[in-house]
file entry.pdb (PDB, C-alpha atoms and all ligand atoms)
MODEL        1
ATOM      1  CA  MET A 745       0.000   0.000   0.000  1.00  0.00           C
ATOM      2  CA  ARG A 746       1.347   3.419  -0.949  1.00  0.00           C
ATOM      3  CA  SER A 747       1.543   5.843   1.954  1.00  0.00           C
ATOM      4  CA  VAL A 748       0.137   9.298   1.243  1.00  0.00           C
ATOM      5  CA  LEU A 749       0.663  10.826   4.671  1.00  0.00           C
ATOM      6  CA  GLU A 750       2.857   9.657   7.503  1.00  0.00           C
ATOM      7  CA  ALA A 751       3.297  11.220  10.932  1.00  0.00           C
ATOM      8  CA  LYS A 752       6.316   9.933  12.849  1.00  0.00           C
ATOM      9  CA  TYR A 753       6.433  10.595  16.583  1.00  0.00           C
ATOM     10  CA  ILE A 754       4.933  14.062  16.416  1.00  0.00           C
ATOM     11  CA  ASN A 755       5.095  16.032  19.659  1.00  0.00           C
ATOM     12  CA  LYS A 756       3.896  19.558  20.132  1.00  0.00           C
ATOM     13  CA  TYR A 757       4.078  21.963  23.016  1.00  0.00           C
ATOM     14  CA  PHE A 758       2.262  25.239  23.573  1.00  0.00           C
ATOM     15  CA  LYS A 759       4.578  27.456  25.538  1.00  0.00           C
ATOM     16  CA  LYS A 760       2.045  29.989  26.806  1.00  0.00           C
ATOM     17  CA  PRO A 761       0.433  30.697  29.207  1.00  0.00           C
ATOM     18  CA  VAL A 762       2.241  27.674  30.713  1.00  0.00           C
ATOM     19  CA  LEU A 763       4.179  24.894  29.010  1.00  0.00           C
ATOM     20  CA  PHE A 764       1.597  22.404  27.728  1.00  0.00           C
ATOM     21  CA  HIS A 765       2.422  19.101  25.978  1.00  0.00           C
ATOM     22  CA  VAL A 766      -0.534  19.102  23.591  1.00  0.00           C
ATOM     23  CA  LEU A 767       0.427  16.263  21.193  1.00  0.00           C
ATOM     24  CA  LYS A 768       2.281  13.184  22.417  1.00  0.00           C
ATOM     25  CA  ASN A 769       4.082  10.765  20.091  1.00  0.00           C
ATOM     26  CA  ILE A 770       1.510  10.865  17.322  1.00  0.00           C
ATOM     27  CA  ASP A 771       2.473   8.104  14.920  1.00  0.00           C
ATOM     28  CA  PHE A 772       0.341   6.814  12.045  1.00  0.00           C
ATOM     29  CA  LYS A 773       0.083   6.409   8.282  1.00  0.00           C
ATOM     30  CA  ILE A 774      -2.664   7.115   5.797  1.00  0.00           C
ATOM     31  CA  ASN A 775      -2.555   4.953   2.668  1.00  0.00           C
ATOM     32  CA  LYS A 776      -3.810   5.761  -0.798  1.00  0.00           C
ATOM     33  CA  GLY A 777      -7.601   5.514  -1.003  1.00  0.00           C
ATOM     34  CA  GLU A 778      -8.084   5.235   2.759  1.00  0.00           C
ATOM     35  CA  PHE A 779     -10.957   7.089   4.409  1.00  0.00           C
ATOM     36  CA  THR A 780      -9.997   7.788   8.019  1.00  0.00           C
ATOM     37  CA  SER A 781     -11.729   9.754  10.735  1.00  0.00           C
ATOM     38  CA  ILE A 782     -10.215  11.285  13.861  1.00  0.00           C
ATOM     39  CA  MET A 783     -12.401  11.412  16.940  1.00  0.00           C
ATOM     40  CA  GLY A 784     -11.894  12.543  20.518  1.00  0.00           C
ATOM     41  CA  LYS A 785     -13.302  14.844  23.143  1.00  0.00           C
ATOM     42  CA  SER A 786     -13.164  18.593  22.759  1.00  0.00           C
ATOM     43  CA  GLY A 787      -9.678  19.868  23.593  1.00  0.00           C
ATOM     44  CA  CYS A 788      -7.842  16.549  23.009  1.00  0.00           C
ATOM     45  CA  GLY A 789      -5.736  18.058  20.210  1.00  0.00           C
ATOM     46  CA  LYS A 790      -7.507  17.143  16.952  1.00  0.00           C
ATOM     47  CA  SER A 791      -7.378  20.588  15.322  1.00  0.00           C
ATOM     48  CA  THR A 792      -3.812  21.133  16.515  1.00  0.00           C
ATOM     49  CA  LEU A 793      -2.858  17.853  14.846  1.00  0.00           C
ATOM     50  CA  LEU A 794      -4.687  18.717  11.624  1.00  0.00           C
ATOM     51  CA  TYR A 795      -2.815  22.040  11.419  1.00  0.00           C
ATOM     52  CA  ILE A 796       0.465  20.145  11.576  1.00  0.00           C
ATOM     53  CA  LEU A 797      -0.580  17.426   9.121  1.00  0.00           C
ATOM     54  CA  SER A 798      -1.770  20.044   6.666  1.00  0.00           C
ATOM     55  CA  THR A 799       1.680  21.721   6.851  1.00  0.00           C
ATOM     56  CA  MET A 800       0.232  24.993   8.183  1.00  0.00           C
ATOM     57  CA  ASP A 801       1.908  24.643  11.583  1.00  0.00           C
ATOM     58  CA  THR A 802       5.630  23.856  11.429  1.00  0.00           C
ATOM     59  CA  ASP A 803       6.378  24.279  15.135  1.00  0.00           C
ATOM     60  CA  TYR A 804       6.502  20.622  16.245  1.00  0.00           C
ATOM     61  CA  GLU A 805       8.911  17.781  16.952  1.00  0.00           C
ATOM     62  CA  GLY A 806       8.941  14.618  14.839  1.00  0.00           C
ATOM     63  CA  GLU A 807       8.639  14.032  11.118  1.00  0.00           C
ATOM     64  CA  LEU A 808       5.921  14.402   8.571  1.00  0.00           C
ATOM     65  CA  TYR A 809       5.949  12.753   5.127  1.00  0.00           C
ATOM     66  CA  LEU A 810       3.650  13.571   2.215  1.00  0.00           C
ATOM     67  CA  ASN A 811       3.747  11.027  -0.636  1.00  0.00           C
ATOM     68  CA  ASN A 812       6.879   9.578   0.997  1.00  0.00           C
ATOM     69  CA  GLN A 813       8.681  12.918   0.850  1.00  0.00           C
ATOM     70  CA  LEU A 814       9.962  14.351   4.114  1.00  0.00           C
ATOM     71  CA  ILE A 815       8.331  17.744   4.437  1.00  0.00           C
ATOM     72  CA  THR A 816       9.457  18.636   7.950  1.00  0.00           C
ATOM     73  CA  GLY A 817      11.977  21.440   7.738  1.00  0.00           C
ATOM     74  CA  GLN A 818      11.043  22.614   4.211  1.00  0.00           C
ATOM     75  CA  ASP A 819      10.756  26.365   3.723  1.00  0.00           C
ATOM     76  CA  SER A 820       7.378  28.082   3.852  1.00  0.00           C
ATOM     77  CA  THR A 821       7.146  28.886   0.117  1.00  0.00           C
ATOM     78  CA  TYR A 822       7.689  25.261  -0.823  1.00  0.00           C
ATOM     79  CA  LEU A 823       5.255  24.102   1.881  1.00  0.00           C
ATOM     80  CA  SER A 824       2.625  26.435   0.541  1.00  0.00           C
ATOM     81  CA  TYR A 825       3.159  24.971  -2.953  1.00  0.00           C
ATOM     82  CA  LEU A 826       2.947  21.371  -1.642  1.00  0.00           C
ATOM     83  CA  ARG A 827      -0.183  22.181   0.328  1.00  0.00           C
ATOM     84  CA  ASN A 828      -1.909  23.730  -2.634  1.00  0.00           C
ATOM     85  CA  LYS A 829      -0.956  20.906  -4.983  1.00  0.00           C
ATOM     86  CA  HIS A 830      -1.464  17.842  -2.807  1.00  0.00           C
ATOM     87  CA  ILE A 831      -3.937  18.715  -0.050  1.00  0.00           C
ATOM     88  CA  GLY A 832      -7.576  19.727  -0.410  1.00  0.00           C
ATOM     89  CA  PHE A 833      -9.386  21.268   2.571  1.00  0.00           C
ATOM     90  CA  VAL A 834     -13.007  21.102   3.619  1.00  0.00           C
ATOM     91  CA  PHE A 835     -13.957  22.927   6.812  1.00  0.00           C
ATOM     92  CA  GLN A 836     -17.099  23.217   8.910  1.00  0.00           C
ATOM     93  CA  PHE A 837     -17.601  26.680   7.481  1.00  0.00           C
ATOM     94  CA  HIS A 838     -17.016  26.667   3.752  1.00  0.00           C
ATOM     95  CA  TYR A 839     -15.070  29.975   3.474  1.00  0.00           C
ATOM     96  CA  LEU A 840     -16.394  30.630  -0.022  1.00  0.00           C
ATOM     97  CA  LEU A 841     -15.945  34.154  -1.350  1.00  0.00           C
ATOM     98  CA  SER A 842     -19.540  35.298  -1.333  1.00  0.00           C
ATOM     99  CA  GLU A 843     -19.168  37.994  -4.009  1.00  0.00           C
ATOM    100  CA  PHE A 844     -17.601  35.554  -6.471  1.00  0.00           C
ATOM    101  CA  SER A 845     -19.472  33.057  -8.619  1.00  0.00           C
ATOM    102  CA  VAL A 846     -19.511  29.380  -7.735  1.00  0.00           C
ATOM    103  CA  LEU A 847     -17.259  28.660 -10.724  1.00  0.00           C
ATOM    104  CA  GLU A 848     -14.744  31.356  -9.733  1.00  0.00           C
ATOM    105  CA  ASN A 849     -14.590  29.973  -6.191  1.00  0.00           C
ATOM    106  CA  VAL A 850     -13.807  26.486  -7.471  1.00  0.00           C
ATOM    107  CA  MET A 851     -11.148  27.850  -9.847  1.00  0.00           C
ATOM    108  CA  LEU A 852      -9.237  29.792  -7.178  1.00  0.00           C
ATOM    109  CA  PRO A 853      -6.794  27.135  -5.867  1.00  0.00           C
ATOM    110  CA  ALA A 854      -5.841  26.233  -9.463  1.00  0.00           C
ATOM    111  CA  LYS A 855      -5.206  29.882 -10.294  1.00  0.00           C
ATOM    112  CA  LYS A 856      -3.001  30.116  -7.224  1.00  0.00           C
ATOM    113  CA  LEU A 857      -1.058  27.039  -8.323  1.00  0.00           C
ATOM    114  CA  ALA A 858      -0.649  28.672 -11.763  1.00  0.00           C
ATOM    115  CA  GLU A 859       0.243  25.487 -13.651  1.00  0.00           C
ATOM    116  CA  LYS A 860      -2.594  25.769 -16.183  1.00  0.00           C
ATOM    117  CA  GLY A 861      -4.174  28.480 -18.305  1.00  0.00           C
ATOM    118  CA  HIS A 862      -7.549  30.109 -17.575  1.00  0.00           C
ATOM    119  CA  GLN A 863      -9.553  27.988 -20.056  1.00  0.00           C
ATOM    120  CA  GLU A 864      -8.176  24.691 -18.858  1.00  0.00           C
ATOM    121  CA  ILE A 865      -8.852  25.670 -15.229  1.00  0.00           C
ATOM    122  CA  GLU A 866     -12.402  26.690 -16.123  1.00  0.00           C
ATOM    123  CA  HIS A 867     -12.932  23.371 -17.896  1.00  0.00           C
ATOM    124  CA  ASP A 868     -11.569  21.448 -14.866  1.00  0.00           C
ATOM    125  CA  ALA A 869     -13.793  23.454 -12.516  1.00  0.00           C
ATOM    126  CA  TYR A 870     -16.879  22.568 -14.606  1.00  0.00           C
ATOM    127  CA  GLU A 871     -15.854  18.896 -14.486  1.00  0.00           C
ATOM    128  CA  LYS A 872     -15.659  18.974 -10.671  1.00  0.00           C
ATOM    129  CA  LEU A 873     -19.012  20.757 -10.435  1.00  0.00           C
ATOM    130  CA  LYS A 874     -20.542  18.142 -12.761  1.00  0.00           C
ATOM    131  CA  MET A 875     -19.082  15.341 -10.675  1.00  0.00           C
ATOM    132  CA  LEU A 876     -20.871  16.794  -7.641  1.00  0.00           C
ATOM    133  CA  ASN A 877     -24.097  17.438  -9.579  1.00  0.00           C
ATOM    134  CA  ILE A 878     -23.978  21.188  -9.099  1.00  0.00           C
ATOM    135  CA  ASP A 879     -22.793  22.415 -12.512  1.00  0.00           C
ATOM    136  CA  HIS A 880     -26.135  24.233 -12.930  1.00  0.00           C
ATOM    137  CA  LEU A 881     -24.963  26.566 -10.118  1.00  0.00           C
ATOM    138  CA  ALA A 882     -21.716  27.570 -11.866  1.00  0.00           C
ATOM    139  CA  LYS A 883     -22.688  31.148 -12.671  1.00  0.00           C
ATOM    140  CA  LYS A 884     -24.562  31.869  -9.436  1.00  0.00           C
ATOM    141  CA  ARG A 885     -23.050  34.050  -6.759  1.00  0.00           C
ATOM    142  CA  ALA A 886     -21.741  31.885  -3.914  1.00  0.00           C
ATOM    143  CA  SER A 887     -23.885  33.825  -1.430  1.00  0.00           C
ATOM    144  CA  ARG A 888     -27.051  32.717  -3.248  1.00  0.00           C
ATOM    145  CA  VAL A 889     -26.862  28.941  -2.763  1.00  0.00           C
ATOM    146  CA  SER A 890     -27.990  26.693   0.101  1.00  0.00           C
ATOM    147  CA  GLY A 891     -25.813  25.385   2.961  1.00  0.00           C
ATOM    148  CA  GLY A 892     -25.629  21.865   1.515  1.00  0.00           C
ATOM    149  CA  GLU A 893     -24.745  23.258  -1.919  1.00  0.00           C
ATOM    150  CA  LYS A 894     -22.050  25.468  -0.378  1.00  0.00           C
ATOM    151  CA  GLN A 895     -20.404  22.426   1.153  1.00  0.00           C
ATOM    152  CA  ARG A 896     -20.460  20.604  -2.211  1.00  0.00           C
ATOM    153  CA  ILE A 897     -18.893  23.699  -3.813  1.00  0.00           C
ATOM    154  CA  ALA A 898     -16.203  23.618  -1.093  1.00  0.00           C
ATOM    155  CA  ILE A 899     -15.560  19.959  -1.980  1.00  0.00           C
ATOM    156  CA  ALA A 900     -15.306  20.834  -5.701  1.00  0.00           C
ATOM    157  CA  ARG A 901     -12.813  23.565  -4.763  1.00  0.00           C
ATOM    158  CA  ALA A 902     -10.832  21.091  -2.639  1.00  0.00           C
ATOM    159  CA  LEU A 903     -10.652  18.724  -5.624  1.00  0.00           C
ATOM    160  CA  ILE A 904      -9.658  21.212  -8.316  1.00  0.00           C
ATOM    161  CA  ASN A 905      -5.898  20.524  -8.147  1.00  0.00           C
ATOM    162  CA  ASN A 906      -6.454  16.742  -8.000  1.00  0.00           C
ATOM    163  CA  PRO A 907      -4.940  16.420  -4.514  1.00  0.00           C
ATOM    164  CA  SER A 908      -3.623  13.182  -2.968  1.00  0.00           C
ATOM    165  CA  ILE A 909      -5.577  13.760   0.211  1.00  0.00           C
ATOM    166  CA  ILE A 910      -8.551  15.732   1.468  1.00  0.00           C
ATOM    167  CA  MET A 911      -8.456  16.922   5.062  1.00  0.00           C
ATOM    168  CA  GLY A 912     -11.690  17.897   6.722  1.00  0.00           C
ATOM    169  CA  ASP A 913     -12.254  19.681  10.013  1.00  0.00           C
ATOM    170  CA  GLU A 914     -15.853  18.937  10.985  1.00  0.00           C
ATOM    171  CA  PRO A 915     -16.997  19.063   7.334  1.00  0.00           C
ATOM    172  CA  THR A 916     -20.534  18.027   8.277  1.00  0.00           C
ATOM    173  CA  GLY A 917     -20.661  19.995  11.536  1.00  0.00           C
ATOM    174  CA  ASN A 918     -22.888  22.678  10.110  1.00  0.00           C
ATOM    175  CA  LEU A 919     -25.175  20.471   8.028  1.00  0.00           C
ATOM    176  CA  ASP A 920     -28.503  18.735   8.655  1.00  0.00           C
ATOM    177  CA  SER A 921     -28.501  14.930   8.594  1.00  0.00           C
ATOM    178  CA  TYR A 922     -29.576  14.723   4.933  1.00  0.00           C
ATOM    179  CA  ASN A 923     -26.739  16.961   3.725  1.00  0.00           C
ATOM    180  CA  ALA A 924     -24.252  15.349   6.123  1.00  0.00           C
ATOM    181  CA  GLU A 925     -25.021  11.953   4.619  1.00  0.00           C
ATOM    182  CA  ASN A 926     -24.671  13.453   1.167  1.00  0.00           C
ATOM    183  CA  VAL A 927     -21.183  14.726   1.997  1.00  0.00           C
ATOM    184  CA  PHE A 928     -20.241  11.331   3.464  1.00  0.00           C
ATOM    185  CA  ASN A 929     -21.399   9.575   0.271  1.00  0.00           C
ATOM    186  CA  ILE A 930     -19.364  11.956  -1.901  1.00  0.00           C
ATOM    187  CA  PHE A 931     -16.238  11.330   0.205  1.00  0.00           C
ATOM    188  CA  LYS A 932     -16.836   7.559   0.160  1.00  0.00           C
ATOM    189  CA  GLN A 933     -17.207   7.550  -3.617  1.00  0.00           C
ATOM    190  CA  LEU A 934     -14.012   9.601  -4.002  1.00  0.00           C
ATOM    191  CA  SER A 935     -12.036   7.154  -1.873  1.00  0.00           C
ATOM    192  CA  ASP A 936     -13.535   4.016  -3.494  1.00  0.00           C
ATOM    193  CA  GLU A 937     -13.498   5.114  -7.112  1.00  0.00           C
ATOM    194  CA  SER A 938     -10.718   7.701  -7.433  1.00  0.00           C
ATOM    195  CA  GLY A 939      -8.279   6.358  -4.836  1.00  0.00           C
ATOM    196  CA  LEU A 940      -8.356   9.654  -2.971  1.00  0.00           C
ATOM    197  CA  SER A 941      -7.324   9.545   0.687  1.00  0.00           C
ATOM    198  CA  LEU A 942      -9.464  11.352   3.238  1.00  0.00           C
ATOM    199  CA  LEU A 943      -8.711  12.363   6.793  1.00  0.00           C
ATOM    200  CA  VAL A 944     -11.650  13.880   8.609  1.00  0.00           C
ATOM    201  CA  VAL A 945     -11.933  15.230  12.141  1.00  0.00           C
ATOM    202  CA  THR A 946     -15.479  14.694  13.292  1.00  0.00           C
ATOM    203  CA  HIS A 947     -17.697  14.562  16.375  1.00  0.00           C
ATOM    204  CA  ASP A 948     -20.331  12.713  14.337  1.00  0.00           C
ATOM    205  CA  GLU A 949     -20.250   9.056  15.436  1.00  0.00           C
ATOM    206  CA  ASP A 950     -22.478   7.854  12.583  1.00  0.00           C
ATOM    207  CA  PHE A 951     -20.143   9.493  10.081  1.00  0.00           C
ATOM    208  CA  ALA A 952     -16.992   8.095  11.743  1.00  0.00           C
ATOM    209  CA  HIS A 953     -18.308   4.543  12.031  1.00  0.00           C
ATOM    210  CA  LYS A 954     -18.876   4.406   8.278  1.00  0.00           C
ATOM    211  CA  THR A 955     -15.239   5.353   7.498  1.00  0.00           C
ATOM    212  CA  ASP A 956     -12.518   2.715   6.961  1.00  0.00           C
ATOM    213  CA  ARG A 957     -10.664   3.554  10.162  1.00  0.00           C
ATOM    214  CA  ILE A 958     -11.157   5.617  13.319  1.00  0.00           C
ATOM    215  CA  ILE A 959      -8.195   7.200  15.046  1.00  0.00           C
ATOM    216  CA  GLN A 960      -9.346   7.859  18.596  1.00  0.00           C
ATOM    217  CA  MET A 961      -7.509  10.548  20.549  1.00  0.00           C
ATOM    218  CA  ALA A 962      -7.492  11.474  24.241  1.00  0.00           C
ATOM    219  CA  ASP A 963      -5.317  14.072  25.981  1.00  0.00           C
ATOM    220  CA  GLY A 964      -3.035  14.517  22.984  1.00  0.00           C
ATOM    221  CA  GLU A 965      -2.445  10.812  22.401  1.00  0.00           C
ATOM    222  CA  ILE A 966      -3.758   8.221  19.973  1.00  0.00           C
ATOM    223  CA  ILE A 967      -5.537   5.688  22.158  1.00  0.00           C
ATOM    224  CA  SER A 968      -6.833   3.499  19.340  1.00  0.00           C
ATOM    225  CA  ASN A 969      -6.325   3.267  15.592  1.00  0.00           C
ATOM    226  CA  ARG A 970      -8.417   0.662  13.801  1.00  0.00           C
TER
HETATM  227  N1  LIG B1001      -2.485  28.646  20.661  1.00  0.00           N
HETATM  228  C1  LIG B1001      -2.693  27.919  21.757  1.00  0.00           C
HETATM  229  N2  LIG B1001      -1.994  28.179  22.894  1.00  0.00           N
HETATM  230  C2  LIG B1001      -2.192  27.427  24.012  1.00  0.00           C
HETATM  231  N3  LIG B1001      -3.061  26.391  24.083  1.00  0.00           N
HETATM  232  C3  LIG B1001      -3.779  26.089  22.989  1.00  0.00           C
HETATM  233  C4  LIG B1001      -3.646  26.843  21.772  1.00  0.00           C
HETATM  234  N4  LIG B1001      -4.490  26.316  20.835  1.00  0.00           N
HETATM  235  C5  LIG B1001      -5.142  25.302  21.462  1.00  0.00           C
HETATM  236  N5  LIG B1001      -4.715  25.163  22.723  1.00  0.00           N
HETATM  237  C6  LIG B1001      -5.155  24.126  23.692  1.00  0.00           C
HETATM  238  O1  LIG B1001      -4.701  22.869  23.176  1.00  0.00           O
HETATM  239  C7  LIG B1001      -5.687  21.846  23.438  1.00  0.00           C
HETATM  240  C8  LIG B1001      -6.059  21.185  22.126  1.00  0.00           C
HETATM  241  O2  LIG B1001      -6.809  22.103  21.327  1.00  0.00           O
HETATM  242  P1  LIG B1001      -7.466  21.676  19.941  1.00  0.00           P
HETATM  243  O3  LIG B1001      -8.139  22.874  19.372  1.00  0.00           O
HETATM  244  O4  LIG B1001      -6.458  20.977  19.117  1.00  0.00           O
HETATM  245  O5  LIG B1001      -8.562  20.606  20.434  1.00  0.00           O
HETATM  246  P2  LIG B1001      -9.694  19.853  19.603  1.00  0.00           P
HETATM  247  O6  LIG B1001      -9.577  18.408  19.983  1.00  0.00           O
HETATM  248  O7  LIG B1001      -9.614  20.198  18.173  1.00  0.00           O
HETATM  249  O8  LIG B1001     -11.010  20.474  20.255  1.00  0.00           O
HETATM  250  P3  LIG B1001     -12.477  20.753  19.590  1.00  0.00           P
HETATM  251  O9  LIG B1001     -13.061  19.385  19.363  1.00  0.00           O
HETATM  252  O10 LIG B1001     -13.183  21.497  20.668  1.00  0.00           O
HETATM  253  O11 LIG B1001     -12.282  21.538  18.352  1.00  0.00           O
HETATM  254  C9  LIG B1001      -6.826  22.523  24.169  1.00  0.00           C
HETATM  255  O12 LIG B1001      -6.632  22.315  25.548  1.00  0.00           O
HETATM  256  C10 LIG B1001      -6.669  24.004  23.822  1.00  0.00           C
HETATM  257  O13 LIG B1001      -7.152  24.811  24.853  1.00  0.00           O
ENDMDL
END

call {"tool": "encode", "arguments": {"input": "entry.pdb", "output": "structure tokens"}}
result
Amino acid sequence: MRSVLEAKYINKYFKKPVLFHVLKNIDFKINKGEFTSIMGKSGCGKSTLLYILSTMDTDYEGELYLNNQLITGQDSTYLSYLRNKHIGFVFQFHYLLSEFSVLENVMLPAKKLAEKGHQEIEHDAYEKLKMLNIDHLAKKRASRVSGGEKQRIAIARALINNPSIIMGDEPTGNLDSYNAENVFNIFKQLSDESGLSLLVVTHDEDFAHKTDRIIQMADGEIISNR
């Protein structure tokens, strides 16, 4: 199995207001096509871990590998490039630019990556919208669509650069059960059919129990991983 993401003995400390060992020897691998959830009580360190895994926080001990490449210690410009190319993000709140059209929102990460011309990016964005059955919304302003649609647009945006992994921080936290199930089914299909890896922090037990693996955390440690 090809490893997409590997955390090796990650430790993190917050130094203020008092020294706090927030992550303790976090060690696990995510393989290609695996759909993994991270669960644990509020405050156990899930978001802190996701910040590190997504390369946004570089202040930690241990090693992080993305597609078998050691990324710990790389400079911030290169990390930003790697993040944009290989990692898609879906958050509880979609962070769409409300004044922009749906299509423009989906195109943004590809424009930032700047490896393709405008027309090709537009074509790719339409393909992602079609895949998620929301291509009819392409020209609408992002502020004018429903909550469930916004989350599907955020998924299309996360997919635009064909990442190796999607990371989600409570991606269904703001959705009703119908739309939450919809998002789960989209993620499941992406992992089964496109070999995309997914790592999702969630408080939703139903969601987590349908994923391939649950990493359970408590007090900054992994207490089970199966
Ligand atoms: N910048 C910071 N400085 C000091 N302590 C912090 C900082 N950020 C978070 N913490 C603390 O680190 C611990 C882990 O926080 P984190 O946000 O990772 O938890 P979480 O498991 O994601 O919680 P939730 O489920 O509520 O989102 C908490 O005790 C929090 O108060």

call {"tool": "closest_residue", "arguments": {"input": "entry.pdb", "among": "A:Tyr839, A:Tyr870, A:Tyr809, A:Tyr922", "to": "Met851 in chain A", "atoms": "only C-alpha atoms"}}
result
A:Tyr870

call {"tool": "residues_near_ligand", "arguments": {"input": "entry.pdb", "ligand": "ligand LIG 1001 (chain B)", "cutoff": "8 Å", "atoms": "all atoms listed in the file", "output": "NGL selection string"}}
result
:A and (758-761 or 764 or 766 or 784-793 or 947 or 964)

call {"tool": "resolve_selection", "arguments": {"input": "entry.pdb", "expression": "the PyMOL selection byres (((chain A and resi 950-955) around 12) and not hetatm)", "output": "ChimeraX atom specification"}}
result
/A:777-784,914-917,921-929,931-933,935-936,941-949,956-960,970

call {"tool": "closest_residue", "arguments": {"input": "entry.pdb", "among": "A:Asp913, A:Glu843, A:Glu848, A:Glu805", "to": "His867 in chain A", "atoms": "only C-alpha atoms"}}
result
A:Glu848

call {"tool": "resolve_selection", "arguments": {"input": "entry.pdb", "expression": "the PyMOL selection byres (((chain A and resi 901) around 12) and not hetatm)", "output": "short mmCIF file (atom, residue, chain, number, x, y, z; two decimals) with C-alpha atoms, keeping the file's coordinate frame"}}
result
data_model
loop_
_atom_site.label_atom_id
_atom_site.label_comp_id
_atom_site.auth_asym_id
_atom_site.auth_seq_id
_atom_site.Cartn_x
_atom_site.Cartn_y
_atom_site.Cartn_z
CA ASN A 828 -1.91 23.73 -2.63
CA ILE A 831 -3.94 18.72 -0.05
CA GLY A 832 -7.58 19.73 -0.41
CA PHE A 833 -9.39 21.27 2.57
CA VAL A 834 -13.01 21.10 3.62
CA PHE A 835 -13.96 22.93 6.81
CA HIS A 838 -17.02 26.67 3.75
CA TYR A 839 -15.07 29.98 3.47
CA LEU A 840 -16.39 30.63 -0.02
CA LEU A 841 -15.94 34.15 -1.35
CA VAL A 846 -19.51 29.38 -7.74
CA LEU A 847 -17.26 28.66 -10.72
CA GLU A 848 -14.74 31.36 -9.73
CA ASN A 849 -14.59 29.97 -6.19
CA VAL A 850 -13.81 26.49 -7.47
CA MET A 851 -11.15 27.85 -9.85
CA LEU A 852 -9.24 29.79 -7.18
CA PRO A 853 -6.79 27.14 -5.87
CA ALA A 854 -5.84 26.23 -9.46
CA LYS A 855 -5.21 29.88 -10.29
CA ILE A 865 -8.85 25.67 -15.23
CA GLU A 866 -12.40 26.69 -16.12
CA ASP A 868 -11.57 21.45 -14.87
CA ALA A 869 -13.79 23.45 -12.52
CA TYR A 870 -16.88 22.57 -14.61
CA GLU A 871 -15.85 18.90 -14.49
CA LYS A 872 -15.66 18.97 -10.67
CA LEU A 873 -19.01 20.76 -10.44
CA MET A 875 -19.08 15.34 -10.68
CA LEU A 876 -20.87 16.79 -7.64
CA LYS A 894 -22.05 25.47 -0.38
CA GLN A 895 -20.40 22.43 1.15
CA ARG A 896 -20.46 20.60 -2.21
CA ILE A 897 -18.89 23.70 -3.81
CA ALA A 898 -16.20 23.62 -1.09
CA ILE A 899 -15.56 19.96 -1.98
CA ALA A 900 -15.31 20.83 -5.70
CA ALA A 902 -10.83 21.09 -2.64
CA LEU A 903 -10.65 18.72 -5.62
CA ILE A 904 -9.66 21.21 -8.32
CA ASN A 905 -5.90 20.52 -8.15
CA ASN A 906 -6.45 16.74 -8.00
CA PRO A 907 -4.94 16.42 -4.51
CA ILE A 910 -8.55 15.73 1.47
#

call {"tool": "resolve_selection", "arguments": {"input": "entry.pdb", "expression": "the PyMOL selection byres (((chain A and resi 753) around 6) and not hetatm)", "output": "short mmCIF file (atom, residue, chain, number, x, y, z; two decimals) with C-alpha atoms, in the coordinates of the input"}}
result
data_model
loop_
_atom_site.label_atom_id
_atom_site.label_comp_id
_atom_site.auth_asym_id
_atom_site.auth_seq_id
_atom_site.Cartn_x
_atom_site.Cartn_y
_atom_site.Cartn_z
CA LYS A 752 6.32 9.93 12.85
CA ILE A 754 4.93 14.06 16.42
CA ASN A 769 4.08 10.76 20.09
CA ILE A 770 1.51 10.86 17.32
CA ASP A 771 2.47 8.10 14.92
CA GLY A 806 8.94 14.62 14.84
#

call {"tool": "atom_distance", "arguments": {"input": "entry.pdb", "atom1": "CA of Ile878 in chain A", "atom2": "CA of Ser890 in chain A"}}
result
11.4 Å

call {"tool": "residues_around", "arguments": {"input": "entry.pdb", "residues": "Ser798 in chain A", "least_positions_apart": "2", "cutoff": "9 Å", "atoms": "all atoms listed in the file", "output": "PyMOL selection string"}}
result
chain A and resi 793-796+800-801+827+831+833+911

call {"tool": "atom_distance", "arguments": {"input": "entry.pdb", "atom1": "CA of Gly861 in chain A", "atom2": "CA of Leu823 in chain A"}}
result
22.7 Å

call {"tool": "atom_distance", "arguments": {"input": "entry.pdb", "atom1": "CA of His765 in chain A", "atom2": "CA of His830 in chain A"}}
result
29.1 Å

call {"tool": "closest_residue", "arguments": {"input": "entry.pdb", "among": "A:Lys856, A:Leu881, A:Val762, A:Phe772", "to": "Ser968 in chain A", "atoms": "all atoms listed in the file"}}
result
A:Phe772

call {"tool": "closest_residue", "arguments": {"input": "entry.pdb", "among": "A:Ser908, A:Lys874, A:Asn918, A:Asn811", "to": "Gly891 in chain A", "atoms": "only C-alpha atoms"}}
result
A:Asn918

call {"tool": "axis_aligned_box", "arguments": {"input": "entry.pdb", "around": "range 943-946 of chain A", "padding_each_side": "4 Å", "output": "JSON"}}
result
{"center_x": -12.1, "center_y": 13.8, "center_z": 10.0, "size_x": 14.8, "size_y": 10.9, "size_z": 14.5}

call {"tool": "closest_residue", "arguments": {"input": "entry.pdb", "among": "A:Asn877, A:Lys776, A:His862, A:Ala882", "to": "Ile930 in chain A", "atoms": "all atoms listed in the file"}}
result
A:Asn877

call {"tool": "residues_near_point", "arguments": {"input": "entry.pdb", "point": "(-0.2, 11.3, 7.0)", "cutoff": "6 Å", "atoms": "all atoms listed in the file", "output": "number ranges by chain"}}
result
A: 749-751, 773-774

call {"tool": "closest_residue", "arguments": {"input": "entry.pdb", "among": "A:Lys756, A:Ile909, A:Lys884, A:Ser842", "to": "Ser938 in chain A", "atoms": "only C-alpha atoms"}}
result
A:Ile909
